[in-house]
>>> print(open('target.pdb').read())   # PDB, C-alpha atoms
ATOM      1  CA  MET N   1    -277.871 120.041 153.144  1.00  0.00           C
ATOM      2  CA  THR N   2    -276.093 122.079 150.477  1.00  0.00           C
ATOM      3  CA  ASP N   3    -277.152 122.099 146.878  1.00  0.00           C
ATOM      4  CA  PRO N   4    -274.745 120.367 144.502  1.00  0.00           C
ATOM      5  CA  ALA N   5    -272.664 122.598 142.260  1.00  0.00           C
ATOM      6  CA  PRO N   6    -274.426 123.359 138.983  1.00  0.00           C
ATOM      7  CA  ALA N   7    -273.454 121.007 136.185  1.00  0.00           C
ATOM      8  CA  PRO N   8    -271.310 122.528 133.453  1.00  0.00           C
ATOM      9  CA  ARG N   9    -272.341 122.227 129.833  1.00  0.00           C
ATOM     10  CA  ILE N  10    -269.761 121.556 127.115  1.00  0.00           C
ATOM     11  CA  ARG N  11    -270.489 122.984 123.669  1.00  0.00           C
ATOM     12  CA  GLN N  12    -268.679 124.346 120.649  1.00  0.00           C
ATOM     13  CA  ALA N  13    -267.531 127.940 120.923  1.00  0.00           C
ATOM     14  CA  THR N  14    -269.320 130.745 119.093  1.00  0.00           C
ATOM     15  CA  ILE N  15    -268.246 134.257 118.131  1.00  0.00           C
ATOM     16  CA  ASP N  16    -270.299 135.511 121.100  1.00  0.00           C
ATOM     17  CA  ASP N  17    -267.820 133.748 123.414  1.00  0.00           C
ATOM     18  CA  ALA N  18    -264.942 135.974 122.233  1.00  0.00           C
ATOM     19  CA  PRO N  19    -264.866 138.331 125.262  1.00  0.00           C
ATOM     20  CA  GLN N  20    -264.635 135.439 127.735  1.00  0.00           C
ATOM     21  CA  LEU N  21    -262.157 133.542 125.555  1.00  0.00           C
ATOM     22  CA  ALA N  22    -259.932 136.636 125.401  1.00  0.00           C
ATOM     23  CA  VAL N  23    -259.872 136.747 129.209  1.00  0.00           C
ATOM     24  CA  LEU N  24    -259.028 133.039 129.368  1.00  0.00           C
ATOM     25  CA  ALA N  25    -256.263 133.292 126.746  1.00  0.00           C
ATOM     26  CA  THR N  26    -254.809 136.212 128.686  1.00  0.00           C
ATOM     27  CA  GLN N  27    -254.904 134.175 131.918  1.00  0.00           C
ATOM     28  CA  LEU N  28    -253.001 131.436 130.086  1.00  0.00           C
ATOM     29  CA  GLY N  29    -250.280 133.962 129.288  1.00  0.00           C
ATOM     30  CA  TYR N  30    -251.301 135.024 125.780  1.00  0.00           C
ATOM     31  CA  PRO N  31    -252.693 138.567 126.028  1.00  0.00           C
ATOM     32  CA  SER N  32    -255.645 138.768 123.648  1.00  0.00           C
ATOM     33  CA  SER N  33    -258.418 141.227 122.947  1.00  0.00           C
ATOM     34  CA  PRO N  34    -261.960 140.199 122.022  1.00  0.00           C
ATOM     35  CA  ALA N  35    -261.240 141.456 118.477  1.00  0.00           C
ATOM     36  CA  ASP N  36    -258.136 139.221 118.306  1.00  0.00           C
ATOM     37  CA  VAL N  37    -260.208 136.237 119.382  1.00  0.00           C
ATOM     38  CA  VAL N  38    -263.011 136.989 116.914  1.00  0.00           C
ATOM     39  CA  ALA N  39    -260.502 136.985 114.046  1.00  0.00           C
ATOM     40  CA  ARG N  40    -258.937 133.734 115.283  1.00  0.00           C
ATOM     41  CA  LEU N  41    -262.311 132.050 115.759  1.00  0.00           C
ATOM     42  CA  ARG N  42    -263.381 132.968 112.228  1.00  0.00           C
ATOM     43  CA  ALA N  43    -260.232 131.320 110.851  1.00  0.00           C
ATOM     44  CA  ILE N  44    -260.721 128.271 113.083  1.00  0.00           C
ATOM     45  CA  PHE N  45    -264.395 127.900 112.147  1.00  0.00           C
ATOM     46  CA  ALA N  46    -263.420 127.910 108.459  1.00  0.00           C
ATOM     47  CA  ASP N  47    -261.045 124.974 109.006  1.00  0.00           C
ATOM     48  CA  HIS N  48    -262.895 121.750 109.809  1.00  0.00           C
ATOM     49  CA  SER N  49    -259.739 120.139 111.154  1.00  0.00           C
ATOM     50  CA  HIS N  50    -260.053 122.466 114.183  1.00  0.00           C
ATOM     51  CA  VAL N  51    -262.671 122.832 116.898  1.00  0.00           C
ATOM     52  CA  VAL N  52    -262.980 124.917 120.062  1.00  0.00           C
ATOM     53  CA  PHE N  53    -265.063 123.585 122.929  1.00  0.00           C
ATOM     54  CA  VAL N  54    -266.151 125.707 125.878  1.00  0.00           C
ATOM     55  CA  ALA N  55    -267.406 124.852 129.342  1.00  0.00           C
ATOM     56  CA  VAL N  56    -270.351 126.953 130.475  1.00  0.00           C
ATOM     57  CA  LEU N  57    -271.802 127.092 133.948  1.00  0.00           C
ATOM     58  CA  PRO N  58    -275.469 128.070 134.418  1.00  0.00           C
ATOM     59  CA  GLY N  59    -275.822 131.834 134.480  1.00  0.00           C
ATOM     60  CA  SER N  60    -272.352 132.514 133.100  1.00  0.00           C
ATOM     61  CA  GLY N  61    -270.509 132.571 129.826  1.00  0.00           C
ATOM     62  CA  ALA N  62    -267.614 130.395 128.767  1.00  0.00           C
ATOM     63  CA  CYS N  63    -265.381 129.722 131.761  1.00  0.00           C
ATOM     64  CA  ALA N  64    -262.969 127.264 130.129  1.00  0.00           C
ATOM     65  CA  PHE N  65    -261.951 126.265 126.629  1.00  0.00           C
ATOM     66  CA  ALA N  66    -260.157 123.552 124.695  1.00  0.00           C
ATOM     67  CA  HIS N  67    -258.852 124.085 121.160  1.00  0.00           C
ATOM     68  CA  VAL N  68    -258.199 120.829 119.300  1.00  0.00           C
ATOM     69  CA  CYS N  69    -256.961 120.129 115.802  1.00  0.00           C
ATOM     70  CA  ALA N  70    -256.529 117.069 113.643  1.00  0.00           C
ATOM     71  CA  GLY N  71    -253.282 116.692 111.795  1.00  0.00           C
ATOM     72  CA  ILE N  72    -250.866 114.300 110.208  1.00  0.00           C
ATOM     73  CA  ALA N  73    -247.101 114.217 110.360  1.00  0.00           C
ATOM     74  CA  LEU N  74    -245.137 112.399 107.698  1.00  0.00           C
ATOM     75  CA  GLU N  75    -242.933 110.717 110.283  1.00  0.00           C
ATOM     76  CA  SER N  76    -245.553 109.775 112.877  1.00  0.00           C
ATOM     77  CA  GLY N  77    -248.938 109.695 111.173  1.00  0.00           C
ATOM     78  CA  PRO N  78    -252.339 111.116 112.092  1.00  0.00           C
ATOM     79  CA  ARG N  79    -253.205 112.495 115.512  1.00  0.00           C
ATOM     80  CA  ALA N  80    -255.266 115.087 117.299  1.00  0.00           C
ATOM     81  CA  GLU N  81    -253.491 117.822 119.196  1.00  0.00           C
ATOM     82  CA  LEU N  82    -254.816 119.824 122.095  1.00  0.00           C
ATOM     83  CA  LEU N  83    -253.527 123.268 121.122  1.00  0.00           C
ATOM     84  CA  GLY N  84    -254.946 125.126 124.089  1.00  0.00           C
ATOM     85  CA  LEU N  85    -256.713 124.297 127.331  1.00  0.00           C
ATOM     86  CA  VAL N  86    -257.503 126.751 130.107  1.00  0.00           C
ATOM     87  CA  THR N  87    -260.014 127.114 132.912  1.00  0.00           C
ATOM     88  CA  ASP N  88    -260.740 130.439 134.574  1.00  0.00           C
ATOM     89  CA  ALA N  89    -258.344 130.862 137.488  1.00  0.00           C
ATOM     90  CA  ALA N  90    -261.225 131.136 139.977  1.00  0.00           C
ATOM     91  CA  LEU N  91    -262.726 127.815 138.837  1.00  0.00           C
ATOM     92  CA  ARG N  92    -259.721 125.518 138.534  1.00  0.00           C
ATOM     93  CA  SER N  93    -259.647 122.040 140.097  1.00  0.00           C
ATOM     94  CA  ARG N  94    -263.408 121.585 139.664  1.00  0.00           C
ATOM     95  CA  GLY N  95    -263.255 119.119 136.771  1.00  0.00           C
ATOM     96  CA  LEU N  96    -263.911 121.518 133.888  1.00  0.00           C
ATOM     97  CA  GLY N  97    -260.569 120.789 132.216  1.00  0.00           C
ATOM     98  CA  ALA N  98    -261.127 117.044 132.481  1.00  0.00           C
ATOM     99  CA  LEU N  99    -264.571 117.409 130.882  1.00  0.00           C
ATOM    100  CA  LEU N 100    -263.071 119.397 128.022  1.00  0.00           C
ATOM    101  CA  VAL N 101    -260.284 116.852 127.487  1.00  0.00           C
ATOM    102  CA  ALA N 102    -262.892 114.064 127.421  1.00  0.00           C
ATOM    103  CA  GLN N 103    -264.819 116.013 124.770  1.00  0.00           C
ATOM    104  CA  ALA N 104    -261.602 116.479 122.772  1.00  0.00           C
ATOM    105  CA  GLU N 105    -260.991 112.735 122.980  1.00  0.00           C
ATOM    106  CA  ARG N 106    -264.505 111.977 121.681  1.00  0.00           C
ATOM    107  CA  TRP N 107    -264.029 114.467 118.824  1.00  0.00           C
ATOM    108  CA  ALA N 108    -260.701 112.880 117.887  1.00  0.00           C
ATOM    109  CA  GLN N 109    -262.145 109.363 117.997  1.00  0.00           C
ATOM    110  CA  ALA N 110    -265.084 110.446 115.814  1.00  0.00           C
ATOM    111  CA  LYS N 111    -262.510 111.650 113.268  1.00  0.00           C
ATOM    112  CA  GLY N 112    -260.805 108.241 113.381  1.00  0.00           C
ATOM    113  CA  LEU N 113    -257.768 109.520 115.269  1.00  0.00           C
ATOM    114  CA  GLY N 114    -256.259 107.161 117.821  1.00  0.00           C
ATOM    115  CA  THR N 115    -253.905 109.608 119.525  1.00  0.00           C
ATOM    116  CA  LEU N 116    -254.405 112.886 121.374  1.00  0.00           C
ATOM    117  CA  CYS N 117    -251.266 114.813 122.206  1.00  0.00           C
ATOM    118  CA  VAL N 118    -250.559 118.066 124.003  1.00  0.00           C
ATOM    119  CA  ARG N 119    -247.524 120.293 124.474  1.00  0.00           C
ATOM    120  CA  CYS N 120    -247.217 121.865 127.884  1.00  0.00           C
ATOM    121  CA  ASN N 121    -244.791 124.570 128.953  1.00  0.00           C
ATOM    122  CA  VAL N 122    -242.135 123.439 131.418  1.00  0.00           C
ATOM    123  CA  VAL N 123    -243.178 126.239 133.787  1.00  0.00           C
ATOM    124  CA  ARG N 124    -246.589 124.566 134.359  1.00  0.00           C
ATOM    125  CA  PRO N 125    -245.938 121.610 136.696  1.00  0.00           C
ATOM    126  CA  ASP N 126    -249.564 121.614 137.917  1.00  0.00           C
ATOM    127  CA  ALA N 127    -250.699 121.155 134.321  1.00  0.00           C
ATOM    128  CA  HIS N 128    -248.198 118.318 133.863  1.00  0.00           C
ATOM    129  CA  ARG N 129    -249.734 116.490 136.843  1.00  0.00           C
ATOM    130  CA  PHE N 130    -253.238 117.195 135.477  1.00  0.00           C
ATOM    131  CA  TYR N 131    -252.421 115.557 132.129  1.00  0.00           C
ATOM    132  CA  GLU N 132    -250.731 112.606 133.829  1.00  0.00           C
ATOM    133  CA  ARG N 133    -253.840 112.057 135.996  1.00  0.00           C
ATOM    134  CA  LEU N 134    -255.852 111.889 132.755  1.00  0.00           C
ATOM    135  CA  GLY N 135    -253.588 109.161 131.372  1.00  0.00           C
ATOM    136  CA  PHE N 136    -251.235 111.210 129.210  1.00  0.00           C
ATOM    137  CA  GLN N 137    -247.604 110.126 129.256  1.00  0.00           C
ATOM    138  CA  CYS N 138    -244.649 112.430 128.702  1.00  0.00           C
ATOM    139  CA  SER N 139    -243.103 111.087 125.513  1.00  0.00           C
ATOM    140  CA  LYS N 140    -240.352 113.671 124.967  1.00  0.00           C
ATOM    141  CA  THR N 141    -238.852 116.935 126.103  1.00  0.00           C
ATOM    142  CA  GLN N 142    -238.180 119.550 123.463  1.00  0.00           C
ATOM    143  CA  LYS N 143    -237.476 123.200 122.821  1.00  0.00           C
ATOM    144  CA  TYR N 144    -239.942 125.289 120.861  1.00  0.00           C
ATOM    145  CA  PHE N 145    -238.399 127.702 118.359  1.00  0.00           C
ATOM    146  CA  ARG N 146    -240.125 130.680 116.716  1.00  0.00           C
ATOM    147  CA  LYS N 147    -239.126 133.060 113.990  1.00  0.00           C
ATOM    148  CA  SER N 148    -241.080 136.198 113.185  1.00  0.00           C
ATOM    149  CA  LEU N 149    -241.716 136.540 109.477  1.00  0.00           C
ATOM    150  CA  GLY N 150    -242.423 140.246 109.557  1.00  0.00           C
ATOM    151  CA  PRO N 151    -245.363 142.588 110.041  1.00  0.00           C
ATOM    152  CA  GLY N 152    -247.559 141.047 107.337  1.00  0.00           C
ATOM    153  CA  ALA N 153    -247.250 137.501 108.660  1.00  0.00           C
ATOM    154  CA  ALA N 154    -249.944 135.920 110.793  1.00  0.00           C
ATOM    155  CA  SER N 155    -249.039 135.997 114.468  1.00  0.00           C
ATOM    156  CA  GLU N 156    -248.327 132.773 116.298  1.00  0.00           C
ATOM    157  CA  HIS N 157    -247.820 132.617 120.031  1.00  0.00           C
ATOM    158  CA  ALA N 158    -247.521 129.199 121.620  1.00  0.00           C
TER     159      ALA N 158
END
>>> encode(input="target.pdb", output="structure tokens")
Amino acid sequence: MTDPAPAPRIRQATIDDAPQLAVLATQLGYPSSPADVVARLRAIFADHSHVVFVAVLPGSGACAFAHVCAGIALESGPRAELLGLVTDAALRSRGLGALLVAQAERWAQAKGLGTLCVRCNVVRPDAHRFYERLGFQCSKTQKYFRKSLGPGAASEHA
């Protein structure tokens, strides 16, 4: 008889998670250094409308993360948005992402938000199927535009 896989633990991220989170962000396609992630985490921790959850397996550091924020749009009202979700490439399809989404849903509900939304790049069909399996529905297709505001502006890469 084989031992069951160790149960992951979901918790809020800490600054000490920065090296693992940098690896995960890079795997998602957003090259990041630990120093980049430390600076971003400090800004996120200062804003109580944001939270980062991590999945941790026994004996390892953070192996997946979900970044969630609460917001309100004039035209559509309040909602929570899953800004980032990634599981280490070697650990995908083991339920870590689903656990993190469930935690994001609980966080949003505790804030009185009745909607959780996520934007997902068109080049990620596996992720599209993942979200659909979790009950998300594609509500629109859009283009995402960016404009650099110069060297002193905060960097955004989505």
>>> closest_residue(input="target.pdb", among="N:Val23, N:Leu113, N:Ala102, N:Ala55", to="Gly77 in chain N", atoms="all atoms listed in the file")
N:Leu113
>>> residues_around(input="target.pdb", residues="Gly61 in chain N", least_positions_apart="3", cutoff="9 Å", atoms="all atoms listed in the file", output="PDB file with C-alpha atoms, in the coordinates of the input")
ATOM      1  CA  ASP N  17    -267.820 133.748 123.414  1.00  0.00           C
ATOM      2  CA  GLN N  20    -264.635 135.439 127.735  1.00  0.00           C
ATOM      3  CA  ALA N  55    -267.406 124.852 129.342  1.00  0.00           C
ATOM      4  CA  VAL N  56    -270.351 126.953 130.475  1.00  0.00           C
ATOM      5  CA  LEU N  57    -271.802 127.092 133.948  1.00  0.00           C
ATOM      6  CA  PRO N  58    -275.469 128.070 134.418  1.00  0.00           C
TER       7      PRO N  58
END
>>> resolve_selection(input="target.pdb", expression="the PyMOL selection byres ((chain N and resi 22) around 10)", output="short mmCIF file (atom, residue, chain, number, x, y, z; two decimals) with C-alpha atoms, in the frame of the given file")
data_model
loop_
_atom_site.label_atom_id
_atom_site.label_comp_id
_atom_site.auth_asym_id
_atom_site.auth_seq_id
_atom_site.Cartn_x
_atom_site.Cartn_y
_atom_site.Cartn_z
CA ASP N 17 -267.82 133.75 123.41
CA ALA N 18 -264.94 135.97 122.23
CA PRO N 19 -264.87 138.33 125.26
CA GLN N 20 -264.64 135.44 127.74
CA LEU N 21 -262.16 133.54 125.56
CA VAL N 23 -259.87 136.75 129.21
CA LEU N 24 -259.03 133.04 129.37
CA ALA N 25 -256.26 133.29 126.75
CA THR N 26 -254.81 136.21 128.69
CA GLN N 27 -254.90 134.18 131.92
CA LEU N 28 -253.00 131.44 130.09
CA TYR N 30 -251.30 135.02 125.78
CA PRO N 31 -252.69 138.57 126.03
CA SER N 32 -255.64 138.77 123.65
CA SER N 33 -258.42 141.23 122.95
CA PRO N 34 -261.96 140.20 122.02
CA ALA N 35 -261.24 141.46 118.48
CA ASP N 36 -258.14 139.22 118.31
CA VAL N 37 -260.21 136.24 119.38
CA VAL N 38 -263.01 136.99 116.91
#
>>> atom_distance(input="target.pdb", atom1="CA of Lys143 in chain N", atom2="CA of Leu116 in chain N")
19.9 Å
>>> atom_distance(input="target.pdb", atom1="CA of Arg133 in chain N", atom2="CA of Ala73 in chain N")
26.6 Å
>>> resolve_selection(input="target.pdb", expression="the PyMOL selection byres ((chain N and resi 104) around 8)", output="PyMOL selection string")
chain N and resi 53+66+68+82+100-103+105-108
>>> resolve_selection(input="target.pdb", expression="the PyMOL selection byres ((chain N and resi 71) around 8)", output="list in words")
Ser49, Cys69, Ala70, Ile72, Ala73, Pro78, Arg79, Ala80 and Glu81 of chain N
>>> write_last_selection(input="target.pdb", atoms="C-alpha atoms", output="PDB file, keeping the file's coordinate frame")
ATOM      1  CA  SER N  49    -259.739 120.139 111.154  1.00  0.00           C
ATOM      2  CA  CYS N  69    -256.961 120.129 115.802  1.00  0.00           C
ATOM      3  CA  ALA N  70    -256.529 117.069 113.643  1.00  0.00           C
ATOM      4  CA  ILE N  72    -250.866 114.300 110.208  1.00  0.00           C
ATOM      5  CA  ALA N  73    -247.101 114.217 110.360  1.00  0.00           C
ATOM      6  CA  PRO N  78    -252.339 111.116 112.092  1.00  0.00           C
ATOM      7  CA  ARG N  79    -253.205 112.495 115.512  1.00  0.00           C
ATOM      8  CA  ALA N  80    -255.266 115.087 117.299  1.00  0.00           C
ATOM      9  CA  GLU N  81    -253.491 117.822 119.196  1.00  0.00           C
TER      10      GLU N  81
END
>>> closest_residue(input="target.pdb", among="N:Arg92, N:Lys111, N:Arg129, N:His67", to="Phe45 in chain N", atoms="only C-alpha atoms")
N:His67
>>> residues_around(input="target.pdb", residues="Ser139 in chain N", least_positions_apart="2", cutoff="12 Å", atoms="only C-alpha atoms", output="list in words")
Cys117, Val118, Arg119, Cys120, Glu132, Phe136, Gln137, Thr141 and Gln142 of chain N
>>> write_last_selection(input="target.pdb", atoms="C-alpha atoms", output="compact mmCIF listing (two decimals), in the frame of the given file")
# COMPACT_ATOMS: atom_id res chain seq x y z
CA CYS N 117 -251.27 114.81 122.21
CA VAL N 118 -250.56 118.07 124.00
CA ARG N 119 -247.52 120.29 124.47
CA CYS N 120 -247.22 121.86 127.88
CA GLU N 132 -250.73 112.61 133.83
CA PHE N 136 -251.24 111.21 129.21
CA GLN N 137 -247.60 110.13 129.26
CA THR N 141 -238.85 116.94 126.10
CA GLN N 142 -238.18 119.55 123.46
>>> closest_residue(input="target.pdb", among="N:Tyr144, N:Cys63, N:Leu99, N:Arg11", to="Asn121 in chain N", atoms="all atoms listed in the file")
N:Tyr144
>>> atom_distance(input="target.pdb", atom1="CA of Gly95 in chain N", atom2="CA of Leu83 in chain N")
18.9 Å
>>> closest_residue(input="target.pdb", among="N:Leu134, N:Ile44, N:Val54, N:Ala110", to="Thr87 in chain N", atoms="all atoms listed in the file")
N:Val54
>>> residues_near_point(input="target.pdb", point="(-272.0, 129.6, 135.7)", cutoff="12 Å", atoms="all atoms listed in the file", output="PDB file with C-alpha atoms, in the frame of the given file")
ATOM      1  CA  ALA N   5    -272.664 122.598 142.260  1.00  0.00           C
ATOM      2  CA  PRO N   6    -274.426 123.359 138.983  1.00  0.00           C
ATOM      3  CA  ALA N   7    -273.454 121.007 136.185  1.00  0.00           C
ATOM      4  CA  PRO N   8    -271.310 122.528 133.453  1.00  0.00           C
ATOM      5  CA  ARG N   9    -272.341 122.227 129.833  1.00  0.00           C
ATOM      6  CA  ILE N  10    -269.761 121.556 127.115  1.00  0.00           C
ATOM      7  CA  ALA N  55    -267.406 124.852 129.342  1.00  0.00           C
ATOM      8  CA  VAL N  56    -270.351 126.953 130.475  1.00  0.00           C
ATOM      9  CA  LEU N  57    -271.802 127.092 133.948  1.00  0.00           C
ATOM     10  CA  PRO N  58    -275.469 128.070 134.418  1.00  0.00           C
ATOM     11  CA  GLY N  59    -275.822 131.834 134.480  1.00  0.00           C
ATOM     12  CA  SER N  60    -272.352 132.514 133.100  1.00  0.00           C
ATOM     13  CA  GLY N  61    -270.509 132.571 129.826  1.00  0.00           C
ATOM     14  CA  ALA N  62    -267.614 130.395 128.767  1.00  0.00           C
ATOM     15  CA  CYS N  63    -265.381 129.722 131.761  1.00  0.00           C
ATOM     16  CA  ALA N  64    -262.969 127.264 130.129  1.00  0.00           C
ATOM     17  CA  ASP N  88    -260.740 130.439 134.574  1.00  0.00           C
ATOM     18  CA  ALA N  90    -261.225 131.136 139.977  1.00  0.00           C
ATOM     19  CA  LEU N  91    -262.726 127.815 138.837  1.00  0.00           C
ATOM     20  CA  LEU N  96    -263.911 121.518 133.888  1.00  0.00           C
TER      21      LEU N  96
END
>>> decode(input="target.pdb", residues="range 30-46 of chain N", atoms="N, CA and C atoms", output="PDB file, in the first residue's frame")
ATOM      1  N   TYR N  30       6.343  35.754 -16.559  1.00  0.00           N
ATOM      2  CA  TYR N  30       6.672  37.094 -16.087  1.00  0.00           C
ATOM      3  C   TYR N  30       7.992  37.040 -15.324  1.00  0.00           C
ATOM      4  N   PRO N  31       9.112  37.094 -16.057  1.00  0.00           N
ATOM      5  CA  PRO N  31      10.422  36.971 -15.395  1.00  0.00           C
ATOM      6  C   PRO N  31      10.540  37.938 -14.218  1.00  0.00           C
ATOM      7  N   SER N  32      10.875  37.384 -13.064  1.00  0.00           N
ATOM      8  CA  SER N  32      10.929  38.152 -11.821  1.00  0.00           C
ATOM      9  C   SER N  32      12.084  37.664 -10.970  1.00  0.00           C
ATOM     10  N   SER N  33      12.737  38.582 -10.316  1.00  0.00           N
ATOM     11  CA  SER N  33      13.783  38.231  -9.357  1.00  0.00           C
ATOM     12  C   SER N  33      13.170  38.222  -7.961  1.00  0.00           C
ATOM     13  N   PRO N  34      13.845  37.580  -7.001  1.00  0.00           N
ATOM     14  CA  PRO N  34      13.358  37.657  -5.623  1.00  0.00           C
ATOM     15  C   PRO N  34      13.222  39.108  -5.145  1.00  0.00           C
ATOM     16  N   ALA N  35      14.157  39.975  -5.526  1.00  0.00           N
ATOM     17  CA  ALA N  35      14.073  41.386  -5.119  1.00  0.00           C
ATOM     18  C   ALA N  35      12.832  42.053  -5.713  1.00  0.00           C
ATOM     19  N   ASP N  36      12.510  41.738  -6.978  1.00  0.00           N
ATOM     20  CA  ASP N  36      11.282  42.263  -7.589  1.00  0.00           C
ATOM     21  C   ASP N  36      10.072  41.849  -6.762  1.00  0.00           C
ATOM     22  N   VAL N  37      10.034  40.574  -6.406  1.00  0.00           N
ATOM     23  CA  VAL N  37       8.878  40.038  -5.685  1.00  0.00           C
ATOM     24  C   VAL N  37       8.788  40.622  -4.275  1.00  0.00           C
ATOM     25  N   VAL N  38       9.907  40.810  -3.623  1.00  0.00           N
ATOM     26  CA  VAL N  38       9.886  41.446  -2.291  1.00  0.00           C
ATOM     27  C   VAL N  38       9.245  42.823  -2.385  1.00  0.00           C
ATOM     28  N   ALA N  39       9.662  43.618  -3.351  1.00  0.00           N
ATOM     29  CA  ALA N  39       9.101  44.971  -3.507  1.00  0.00           C
ATOM     30  C   ALA N  39       7.602  44.905  -3.788  1.00  0.00           C
ATOM     31  N   ARG N  40       7.190  43.976  -4.637  1.00  0.00           N
ATOM     32  CA  ARG N  40       5.760  43.838  -4.958  1.00  0.00           C
ATOM     33  C   ARG N  40       4.968  43.374  -3.746  1.00  0.00           C
ATOM     34  N   LEU N  41       5.508  42.401  -3.014  1.00  0.00           N
ATOM     35  CA  LEU N  41       4.810  41.924  -1.815  1.00  0.00           C
ATOM     36  C   LEU N  41       4.633  43.036  -0.794  1.00  0.00           C
ATOM     37  N   ARG N  42       5.657  43.841  -0.599  1.00  0.00           N
ATOM     38  CA  ARG N  42       5.537  44.949   0.370  1.00  0.00           C
ATOM     39  C   ARG N  42       4.401  45.887  -0.020  1.00  0.00           C
ATOM     40  N   ALA N  43       4.276  46.190  -1.305  1.00  0.00           N
ATOM     41  CA  ALA N  43       3.184  47.051  -1.768  1.00  0.00           C
ATOM     42  C   ALA N  43       1.833  46.358  -1.585  1.00  0.00           C
ATOM     43  N   ILE N  44       1.784  45.066  -1.890  1.00  0.00           N
ATOM     44  CA  ILE N  44       0.536  44.311  -1.740  1.00  0.00           C
ATOM     45  C   ILE N  44       0.134  44.227  -0.274  1.00  0.00           C
ATOM     46  N   PHE N  45       1.088  43.941   0.602  1.00  0.00           N
ATOM     47  CA  PHE N  45       0.776  43.811   2.028  1.00  0.00           C
ATOM     48  C   PHE N  45       0.260  45.121   2.615  1.00  0.00           C
ATOM     49  N   ALA N  46       0.654  46.243   2.036  1.00  0.00           N
ATOM     50  CA  ALA N  46       0.210  47.551   2.525  1.00  0.00           C
ATOM     51  C   ALA N  46      -1.202  47.889   2.060  1.00  0.00           C
TER      52      ALA N  46
END
